[in-house]
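To be precise, the following lines are target-v8.cif, and they hold mmCIF, C-alpha atoms.
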```cif
data_work
loop_
_atom_site.label_atom_id
_atom_site.label_comp_id
_atom_site.auth_asym_id
_atom_site.auth_seq_id
_atom_site.Cartn_x
_atom_site.Cartn_y
_atom_site.Cartn_z
CA MET O 300 -2.07 14.01 -12.31
CA SER O 301 -0.25 11.17 -10.67
CA ASP O 302 -2.22 9.17 -8.18
CA ASN O 303 0.11 6.91 -6.28
CA GLU O 304 -0.83 5.53 -2.88
CA ILE O 305 1.12 8.16 -0.94
CA ILE O 306 -0.40 11.15 -2.71
CA ARG O 307 -3.82 9.55 -2.50
CA ALA O 308 -3.38 9.10 1.28
CA ILE O 309 -2.28 12.70 1.73
CA LYS O 310 -5.32 13.97 -0.15
CA ALA O 311 -7.76 11.56 1.52
CA ARG O 312 -6.76 12.27 5.14
CA ARG O 313 -9.46 14.11 7.10
CA SER O 314 -9.75 15.41 10.64
CA ILE O 315 -11.83 12.84 12.51
CA ARG O 316 -13.65 14.08 15.60
CA LYS O 317 -16.06 11.18 16.28
CA TYR O 318 -14.87 7.78 17.44
CA SER O 319 -16.40 4.34 17.96
CA GLY O 320 -15.11 3.97 21.52
CA GLU O 321 -12.98 0.94 20.61
CA SER O 322 -9.48 1.02 22.08
CA ILE O 323 -6.36 1.08 19.93
CA SER O 324 -3.40 -1.21 20.30
CA PRO O 325 -0.08 -0.17 21.84
CA GLY O 326 1.48 -1.32 18.56
CA ALA O 327 -0.57 1.20 16.60
CA ILE O 328 0.47 4.00 18.95
CA GLU O 329 4.09 2.97 18.52
CA ASP O 330 3.73 2.95 14.72
CA ILE O 331 2.31 6.46 14.87
CA LEU O 332 5.11 7.75 17.13
CA GLU O 333 7.69 6.06 14.89
CA ALA O 334 6.30 7.99 11.91
CA GLY O 335 6.60 11.21 13.89
CA ARG O 336 10.16 10.41 14.85
CA TRP O 337 11.20 10.27 11.18
CA ALA O 338 10.20 13.86 10.37
CA PRO O 339 12.90 16.20 9.10
CA SER O 340 14.11 19.08 11.29
CA GLY O 341 16.51 21.99 10.93
CA LEU O 342 20.04 20.90 11.87
CA ASP O 343 18.36 17.52 12.47
CA ASN O 344 17.65 18.75 16.01
CA GLN O 345 14.49 16.62 16.42
CA PRO O 346 12.99 19.00 18.98
CA TRP O 347 9.80 16.92 19.50
CA ARG O 348 8.87 14.95 22.58
CA PHE O 349 5.73 12.88 23.13
CA SER O 350 3.41 12.08 25.99
CA VAL O 351 0.81 9.39 25.36
CA ILE O 352 -2.48 9.53 27.23
CA THR O 353 -4.72 6.47 27.02
CA ASP O 354 -6.20 6.03 30.48
CA ALA O 355 -9.69 7.40 31.04
CA ARG O 356 -8.70 9.26 34.20
CA SER O 357 -5.95 11.28 32.52
CA LYS O 358 -8.22 12.07 29.58
CA GLU O 359 -10.93 13.23 32.00
CA GLN O 360 -8.41 15.54 33.66
CA LEU O 361 -7.15 16.93 30.36
CA ALA O 362 -10.61 17.45 28.87
CA PRO O 363 -11.64 20.57 30.88
CA LEU O 364 -8.59 22.42 29.54
CA THR O 365 -10.06 22.67 26.05
CA ALA O 366 -13.30 23.66 24.37
CA TYR O 367 -13.03 20.26 22.67
CA SER O 368 -13.51 18.25 25.87
CA ARG O 369 -15.79 15.78 24.14
CA ILE O 370 -13.07 14.81 21.66
CA VAL O 371 -10.48 14.30 24.41
CA LYS O 372 -12.89 12.18 26.43
CA GLU O 373 -14.20 10.11 23.52
CA CYS O 374 -10.94 9.39 21.67
CA ALA O 375 -8.96 6.26 22.45
CA ALA O 376 -5.65 8.07 22.90
CA CYS O 377 -4.13 11.52 22.92
CA ILE O 378 -0.57 12.19 21.91
CA ALA O 379 0.65 15.45 23.42
CA VAL O 380 3.46 16.85 21.30
CA PHE O 381 6.02 18.99 23.08
CA TYR O 382 8.82 21.30 21.97
CA HIS O 383 11.95 20.33 23.92
CA LEU O 384 13.35 23.84 24.35
CA PRO O 385 16.99 22.85 25.04
CA ASP O 386 17.07 21.26 21.56
CA GLY O 387 15.63 24.36 19.92
CA TYR O 388 17.62 26.70 17.69
CA ASP O 389 15.02 28.78 15.82
CA ARG O 390 11.43 28.97 16.96
CA ASP O 391 9.90 29.23 13.45
CA LYS O 392 12.00 26.37 12.10
CA ASP O 393 11.45 24.22 15.16
CA ALA O 394 7.68 24.85 15.01
CA MET O 395 7.67 23.86 11.32
CA ALA O 396 9.61 20.68 12.13
CA ILE O 397 7.08 19.85 14.85
CA GLY O 398 4.32 20.45 12.29
CA ALA O 399 6.02 17.99 9.93
CA CYS O 400 6.23 15.50 12.81
CA VAL O 401 2.51 15.92 13.60
CA GLN O 402 1.61 15.49 9.93
CA ASN O 403 3.59 12.23 9.76
CA MET O 404 1.61 10.99 12.76
CA LEU O 405 -1.75 12.03 11.26
CA LEU O 406 -0.90 10.25 8.00
CA ALA O 407 0.30 7.16 9.86
CA ALA O 408 -2.91 7.05 11.93
CA ALA O 409 -5.03 7.26 8.78
CA SER O 410 -2.94 4.54 7.12
CA LEU O 411 -3.79 2.24 10.04
CA GLY O 412 -7.52 2.87 9.56
CA LEU O 413 -7.64 5.19 12.55
CA GLY O 414 -9.11 8.65 12.75
CA ALA O 415 -7.21 11.58 14.23
CA VAL O 416 -7.51 15.29 14.73
CA TRP O 417 -4.92 17.92 15.52
CA LEU O 418 -6.07 19.95 18.54
CA GLY O 419 -4.58 23.42 18.86
CA GLU O 420 -7.08 25.29 20.97
CA ILE O 421 -5.81 23.55 24.13
CA LEU O 422 -2.63 25.64 23.80
CA LYS O 423 -4.57 28.45 25.48
CA ARG O 424 -3.93 26.45 28.65
CA LYS O 425 -0.69 24.79 27.62
CA ALA O 426 1.16 25.27 30.91
CA GLU O 427 -1.70 23.69 32.88
CA ALA O 428 -1.87 20.80 30.43
CA ARG O 429 1.89 20.29 30.70
CA ASP O 430 1.76 20.29 34.50
CA LEU O 431 -1.12 17.84 34.48
CA LEU O 432 0.92 15.49 32.30
CA GLY O 433 3.83 15.73 34.73
CA VAL O 434 6.14 17.32 32.18
CA ASP O 435 8.68 19.89 33.36
CA ASP O 436 9.14 23.35 31.86
CA SER O 437 12.02 22.31 29.60
CA CYS O 438 9.16 21.28 27.29
CA GLU O 439 6.40 23.44 25.85
CA LEU O 440 3.12 21.93 24.65
CA MET O 441 2.66 22.55 20.91
CA ALA O 442 -0.20 20.24 19.89
CA VAL O 443 -2.41 17.40 21.01
CA ILE O 444 -3.43 14.69 18.58
CA ALA O 445 -6.64 12.83 19.44
CA ILE O 446 -6.86 9.35 17.91
CA GLY O 447 -9.55 6.67 17.78
CA HIS O 448 -11.46 4.36 15.52
CA PRO O 449 -13.40 6.64 13.19
CA ALA O 450 -17.17 6.97 13.48
CA GLU O 451 -17.60 9.61 10.79
CA SER O 452 -16.44 10.21 7.20
CA PRO O 453 -16.38 13.97 6.81
CA ARG O 454 -15.83 15.78 3.55
CA SER O 455 -13.42 18.63 3.22
CA SER O 456 -12.18 21.14 0.71
CA ARG O 457 -9.28 23.49 0.28
CA LYS O 458 -8.45 26.74 -1.49
CA ARG O 459 -7.88 26.23 -5.21
CA LEU O 460 -4.27 25.58 -6.11
CA SER O 461 -4.28 28.47 -8.59
CA SER O 462 -5.04 30.88 -5.73
CA LEU O 463 -2.02 29.64 -3.77
CA ILE O 464 0.61 30.11 -6.47
CA LEU O 465 2.36 33.48 -6.45
CA LYS O 466 3.19 34.73 -9.91
CA GLN O 467 6.70 36.00 -10.61
CA MET F 121 5.18 -3.09 13.96
CA SER F 122 2.88 -2.37 11.06
CA ASP F 123 4.58 -1.73 7.80
CA ASN F 124 2.05 -0.37 5.34
CA GLU F 125 3.10 1.63 2.30
CA ILE F 126 2.44 5.01 3.92
CA ILE F 127 4.45 4.36 7.07
CA ARG F 128 7.20 2.79 4.98
CA ALA F 129 7.34 5.92 2.79
CA ILE F 130 7.49 8.21 5.82
CA LYS F 131 10.39 6.23 7.28
CA ALA F 132 12.24 5.85 3.97
CA ARG F 133 12.18 9.52 2.94
CA ARG F 134 15.61 11.16 3.04
CA SER F 135 16.92 14.64 2.33
CA ILE F 136 18.42 14.47 -1.17
CA ARG F 137 21.05 17.07 -2.00
CA LYS F 138 22.54 15.66 -5.22
CA TYR F 139 20.60 15.53 -8.46
CA SER F 140 21.07 14.01 -11.91
CA GLY F 141 20.40 17.24 -13.77
CA GLU F 142 17.32 15.83 -15.49
CA SER F 143 14.33 18.18 -15.52
CA ILE F 144 11.04 17.34 -13.83
CA SER F 145 7.65 17.56 -15.44
CA PRO F 146 5.15 20.34 -14.71
CA GLY F 147 2.74 17.53 -13.79
CA ALA F 148 5.06 16.33 -11.04
CA ILE F 149 5.37 19.86 -9.66
CA GLU F 150 1.60 20.16 -9.66
CA ASP F 151 1.23 16.82 -7.85
CA ILE F 152 3.66 18.03 -5.19
CA LEU F 153 1.86 21.36 -4.73
CA GLU F 154 -1.48 19.52 -4.57
CA ALA F 155 -0.12 17.41 -1.71
CA GLY F 156 0.94 20.59 0.08
CA ARG F 157 -2.47 22.15 -0.42
CA TRP F 158 -4.15 19.29 1.50
CA ALA F 159 -2.26 19.84 4.75
CA PRO F 160 -4.29 20.60 7.87
CA SER F 161 -4.13 24.07 9.43
CA GLY F 162 -5.54 25.77 12.52
CA LEU F 163 -9.00 27.18 11.77
CA ASP F 164 -8.39 25.70 8.31
CA ASN F 165 -6.70 29.01 7.44
CA GLN F 166 -4.32 27.48 4.87
CA PRO F 167 -1.71 30.22 5.32
CA TRP F 168 0.71 28.79 2.73
CA ARG F 169 1.55 30.26 -0.66
CA PHE F 170 3.95 28.88 -3.24
CA SER F 171 6.38 30.23 -5.78
CA VAL F 172 7.86 27.73 -8.21
CA ILE F 173 11.33 28.39 -9.64
CA THR F 174 12.44 26.19 -12.51
CA ASP F 175 14.33 28.48 -14.88
CA ALA F 176 18.10 28.49 -14.62
CA ARG F 177 18.33 32.27 -14.46
CA SER F 178 16.06 32.56 -11.39
CA LYS F 179 17.90 29.72 -9.69
CA GLU F 180 21.23 31.44 -10.39
CA GLN F 181 19.87 34.61 -8.81
CA LEU F 182 18.53 32.81 -5.76
CA ALA F 183 21.65 30.70 -5.20
CA PRO F 184 23.93 33.44 -3.74
CA LEU F 185 21.40 34.05 -0.94
CA THR F 186 22.23 30.75 0.74
CA ALA F 187 25.24 28.74 1.84
CA TYR F 188 23.65 25.92 -0.15
CA SER F 189 24.06 27.62 -3.54
CA ARG F 190 25.11 24.39 -5.21
CA ILE F 191 21.84 22.69 -4.30
CA VAL F 192 19.76 25.60 -5.62
CA LYS F 193 21.72 25.65 -8.87
CA GLU F 194 21.77 21.89 -9.41
CA CYS F 195 18.19 21.01 -8.49
CA ALA F 196 15.51 20.92 -11.18
CA ALA F 197 13.06 23.11 -9.28
CA CYS F 198 12.69 25.07 -6.09
CA ILE F 199 9.37 25.61 -4.38
CA ALA F 200 9.52 28.68 -2.16
CA VAL F 201 6.95 28.34 0.61
CA PHE F 202 5.53 31.57 2.01
CA TYR F 203 3.42 32.48 5.02
CA HIS F 204 0.55 34.65 3.81
CA LEU F 205 0.39 36.97 6.83
CA PRO F 206 -3.19 38.25 6.30
CA ASP F 207 -4.38 34.63 6.70
CA GLY F 208 -2.37 34.16 9.89
CA TYR F 209 -3.91 33.87 13.35
CA ASP F 210 -1.19 32.41 15.58
CA ARG F 211 2.44 32.33 14.52
CA ASP F 212 3.30 29.01 16.20
CA LYS F 213 0.22 27.27 14.84
CA ASP F 214 0.64 28.77 11.39
CA ALA F 215 4.31 27.76 11.30
CA MET F 216 3.36 24.20 12.31
CA ALA F 217 0.71 24.11 9.56
CA ILE F 218 3.31 25.27 7.04
CA GLY F 219 5.62 22.53 8.31
CA ALA F 220 2.84 19.98 7.71
CA CYS F 221 2.41 21.41 4.21
CA VAL F 222 6.16 21.12 3.50
CA GLN F 223 6.20 17.55 4.80
CA ASN F 224 3.32 16.59 2.48
CA MET F 225 5.34 17.99 -0.43
CA LEU F 226 8.52 16.14 0.59
CA LEU F 227 6.59 12.87 0.86
CA ALA F 228 4.86 13.47 -2.47
CA ALA F 229 8.19 14.20 -4.19
CA ALA F 230 9.68 10.98 -2.82
CA SER F 231 6.60 9.03 -3.91
CA LEU F 232 7.20 10.24 -7.47
CA GLY F 233 10.80 8.96 -7.37
CA LEU F 234 12.17 12.48 -6.93
CA GLY F 235 14.63 13.70 -4.34
CA ALA F 236 14.02 16.79 -2.27
CA VAL F 237 15.54 18.74 0.59
CA TRP F 238 14.04 21.35 2.89
CA LEU F 239 16.30 24.43 2.91
CA GLY F 240 16.01 26.65 5.94
CA GLU F 241 19.32 28.49 6.03
CA ILE F 242 18.17 30.79 3.21
CA LEU F 243 15.77 32.40 5.72
CA LYS F 244 18.75 34.44 6.93
CA ARG F 245 18.11 36.46 3.76
CA LYS F 246 14.40 35.86 3.45
CA ALA F 247 13.42 39.42 2.56
CA GLU F 248 15.95 39.53 -0.28
CA ALA F 249 14.78 36.15 -1.55
CA ARG F 250 11.17 37.29 -1.44
CA ASP F 251 11.97 40.50 -3.34
CA LEU F 252 13.91 38.54 -5.94
CA LEU F 253 10.88 36.30 -6.48
CA GLY F 254 8.69 39.36 -6.96
CA VAL F 255 6.56 38.59 -3.92
CA ASP F 256 5.19 41.47 -1.85
CA ASP F 257 5.54 41.85 1.89
CA SER F 258 2.13 40.36 2.66
CA CYS F 259 4.06 37.09 2.43
CA GLU F 260 7.05 35.93 4.46
CA LEU F 261 9.43 33.27 3.21
CA MET F 262 9.38 30.22 5.51
CA ALA F 263 11.14 27.49 3.52
CA VAL F 264 12.54 26.55 0.15
CA ILE F 265 12.22 22.99 -1.11
CA ALA F 266 14.82 21.93 -3.69
CA ILE F 267 13.68 19.05 -5.93
CA GLY F 268 15.35 16.97 -8.61
CA HIS F 269 16.02 13.46 -9.79
CA PRO F 270 18.11 11.89 -7.04
CA ALA F 271 21.79 11.12 -7.58
CA GLU F 272 22.51 9.84 -4.08
CA SER F 273 20.96 7.42 -1.57
CA PRO F 274 21.97 8.74 1.83
CA ARG F 275 21.44 6.91 5.07
CA SER F 276 20.00 8.62 8.09
CA SER F 277 19.15 7.95 11.69
CA ARG F 278 17.06 9.50 14.43
CA LYS F 279 16.97 9.65 18.21
CA ARG F 280 15.59 6.45 19.74
CA LEU F 281 11.86 6.51 20.29
CA SER F 282 12.30 5.65 23.97
CA SER F 283 14.28 8.88 24.46
CA LEU F 284 11.44 10.96 22.98
CA ILE F 285 8.64 9.66 25.18
CA LEU F 286 8.03 11.67 28.36
CA LYS F 287 7.02 9.53 31.28
CA GLN F 288 4.03 10.54 33.34
#
```
Show me, as structure tokens, the structure contained in the file I just sent.
Amino acid sequence: MSDNEIIRAIKARRSIRKYSGESISPGAIEDILEAGRWAPSGLDNQPWRFSVITDARSKEQLAPLTAYSRIVKECAACIAVFYHLPDGYDRDKDAMAIGACVQNMLLAAASLGLGAVWLGEILKRKAEARDLLGVDDSCELMAVIAIGHPAESPRSSRKRLSSLILKQ
Amino acid sequence: MSDNEIIRAIKARRSIRKYSGESISPGAIEDILEAGRWAPSGLDNQPWRFSVITDARSKEQLAPLTAYSRIVKECAACIAVFYHLPDGYDRDKDAMAIGACVQNMLLAAASLGLGAVWLGEILKRKAEARDLLGVDDSCELMAVIAIGHPAESPRSSRKRLSSLILKQ
């Protein structure tokens, strides 16, 4: 088993839901968005768009739209990830590309010593969240990433690799 | 701008479509699948399954199902990535999770000095490809990753970050 720094980072990344309360620098946010920007996409259509929420008032307004209000309120920043529908060509492929983009951002956050978690439950109220963020309906909310300085070190596990491999 | 090894790897990864013809080790394939296995997923449902194709005969059979036959024939291995439908709970979220899984595998391949490309066009004939790989209809083909030793160093670009950020 190889154990280079990239593979180690991929395997060590965890969802972080508790934060110290310390703010994060605009430079760190930009690094994270840059990582997202470099994801691959079908036909290179890059269907992702980002809205960055760092002010307490906007986080307070967003928080009631999810069961994970505490995370939205306590994190230092949320990145709302949108699907820019006019760029879309295939919903499955575009959703996968957006997933790759989110994963790049989660890995980048971890590499900067930050903790992040991918919030999906808020999509139950995605139109309200979009309106609240002042985004028009050419974009559809696909995910929110909460980011902050980590105040927990959770363990995790996954299904065994052998159970994931389909035999021919 | 921070420039740690993880962010650098994310930004340096390119789609590689030309290969040297050299085979890749089973250990490298396992490292790549391991990276995929550690992706995040909604409800931690891990809806991905993998089928690994390394023998020339299977690659020859798969090749006619895509406009990118040459890539399938010339690469050292294909990883077919399936959506295990009984594990699914939300198609968008599951597709994004599978995209995160694919991205982990692309980054892992690059970290091992290998070249890889995410093939989506083959989904036009996804049921035929699945049948050919001997996979039952509890799984749906979502992507094929072609991997080999790189024989090109393509450049790439992306939309400017400023054009991706939605203003509040």
For Ala445 of chain O: contacts at 7 Å, only C-alpha atoms, fewer than 5 positions along chain excluded, given as an MDAnalysis selection string: chainID O and resid 371 374 376:378 415:417
Output C-alpha atoms of each residue in that selection to a file, as a compact mmCIF listing (two decimals), in the coordinates of the input.
```txt
# COMPACT_ATOMS: atom_id res chain seq x y z
CA VAL O 371 -10.48 14.30 24.41
CA CYS O 374 -10.94 9.39 21.67
CA ALA O 376 -5.65 8.07 22.90
CA CYS O 377 -4.13 11.52 22.92
CA ILE O 378 -0.57 12.19 21.91
CA ALA O 415 -7.21 11.58 14.23
CA VAL O 416 -7.51 15.29 14.73
CA TRP O 417 -4.92 17.92 15.52
```
Nearest to Leu364 of chain O by atom-to-atom distance, counting all atoms listed in the file, from O:Met395, O:Ala426, O:Leu463, O:Ile421: O:Ile421
Output check: residues returned by the PyMOL selection byres ((chain O) within 6 of (chain F)), as a PyMOL selection string: chain O and resi 305-306+310+337+348-350+394-396+398-399+402+407+432-433+463-465+467
Take the residues that were just selected and, keeping C-alpha atoms, output them as a PDB file, in the coordinates of the input.
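After the write, result_14.pdb holds the following:
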```pdb
ATOM      1  CA  ILE O 305       1.120   8.160  -0.940  1.00  0.00           C
ATOM      2  CA  ILE O 306      -0.400  11.150  -2.710  1.00  0.00           C
ATOM      3  CA  LYS O 310      -5.320  13.970  -0.150  1.00  0.00           C
ATOM      4  CA  TRP O 337      11.200  10.270  11.180  1.00  0.00           C
ATOM      5  CA  ARG O 348       8.870  14.950  22.580  1.00  0.00           C
ATOM      6  CA  PHE O 349       5.730  12.880  23.130  1.00  0.00           C
ATOM      7  CA  SER O 350       3.410  12.080  25.990  1.00  0.00           C
ATOM      8  CA  ALA O 394       7.680  24.850  15.010  1.00  0.00           C
ATOM      9  CA  MET O 395       7.670  23.860  11.320  1.00  0.00           C
ATOM     10  CA  ALA O 396       9.610  20.680  12.130  1.00  0.00           C
ATOM     11  CA  GLY O 398       4.320  20.450  12.290  1.00  0.00           C
ATOM     12  CA  ALA O 399       6.020  17.990   9.930  1.00  0.00           C
ATOM     13  CA  GLN O 402       1.610  15.490   9.930  1.00  0.00           C
ATOM     14  CA  ALA O 407       0.300   7.160   9.860  1.00  0.00           C
ATOM     15  CA  LEU O 432       0.920  15.490  32.300  1.00  0.00           C
ATOM     16  CA  GLY O 433       3.830  15.730  34.730  1.00  0.00           C
ATOM     17  CA  LEU O 463      -2.020  29.640  -3.770  1.00  0.00           C
ATOM     18  CA  ILE O 464       0.610  30.110  -6.470  1.00  0.00           C
ATOM     19  CA  LEU O 465       2.360  33.480  -6.450  1.00  0.00           C
ATOM     20  CA  GLN O 467       6.700  36.000 -10.610  1.00  0.00           C
TER      21      GLN O 467
END
```
Care to translate the PyMOL selection byres ((chain O and resi 321) around 7) into actual residues of this file, as a compact mmCIF listing (two decimals) with C-alpha atoms, in the coordinates of the input?
```txt
# COMPACT_ATOMS: atom_id res chain seq x y z
CA SER O 319 -16.40 4.34 17.96
CA GLY O 320 -15.11 3.97 21.52
CA SER O 322 -9.48 1.02 22.08
CA ILE O 323 -6.36 1.08 19.93
CA ALA O 375 -8.96 6.26 22.45
CA HIS O 448 -11.46 4.36 15.52
```
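Atom CA of Tyr188 of chain F is positioned 13.6 Å from atom CA of Ala249 of chain F.
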8 Å contact set for Glu272 of chain F, all atoms listed in the file, chain neighbours under 3 positions out, as a PyMOL selection string: chain F and resi 136-139
Between atom CA of Asp389 of chain O and atom CA of Leu205 of chain F - distance in Å to one decimal: 19.0 Å
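Note that atom CA of Lys423 of chain O and atom CA of Ser452 of chain O are 28.4 Å apart.
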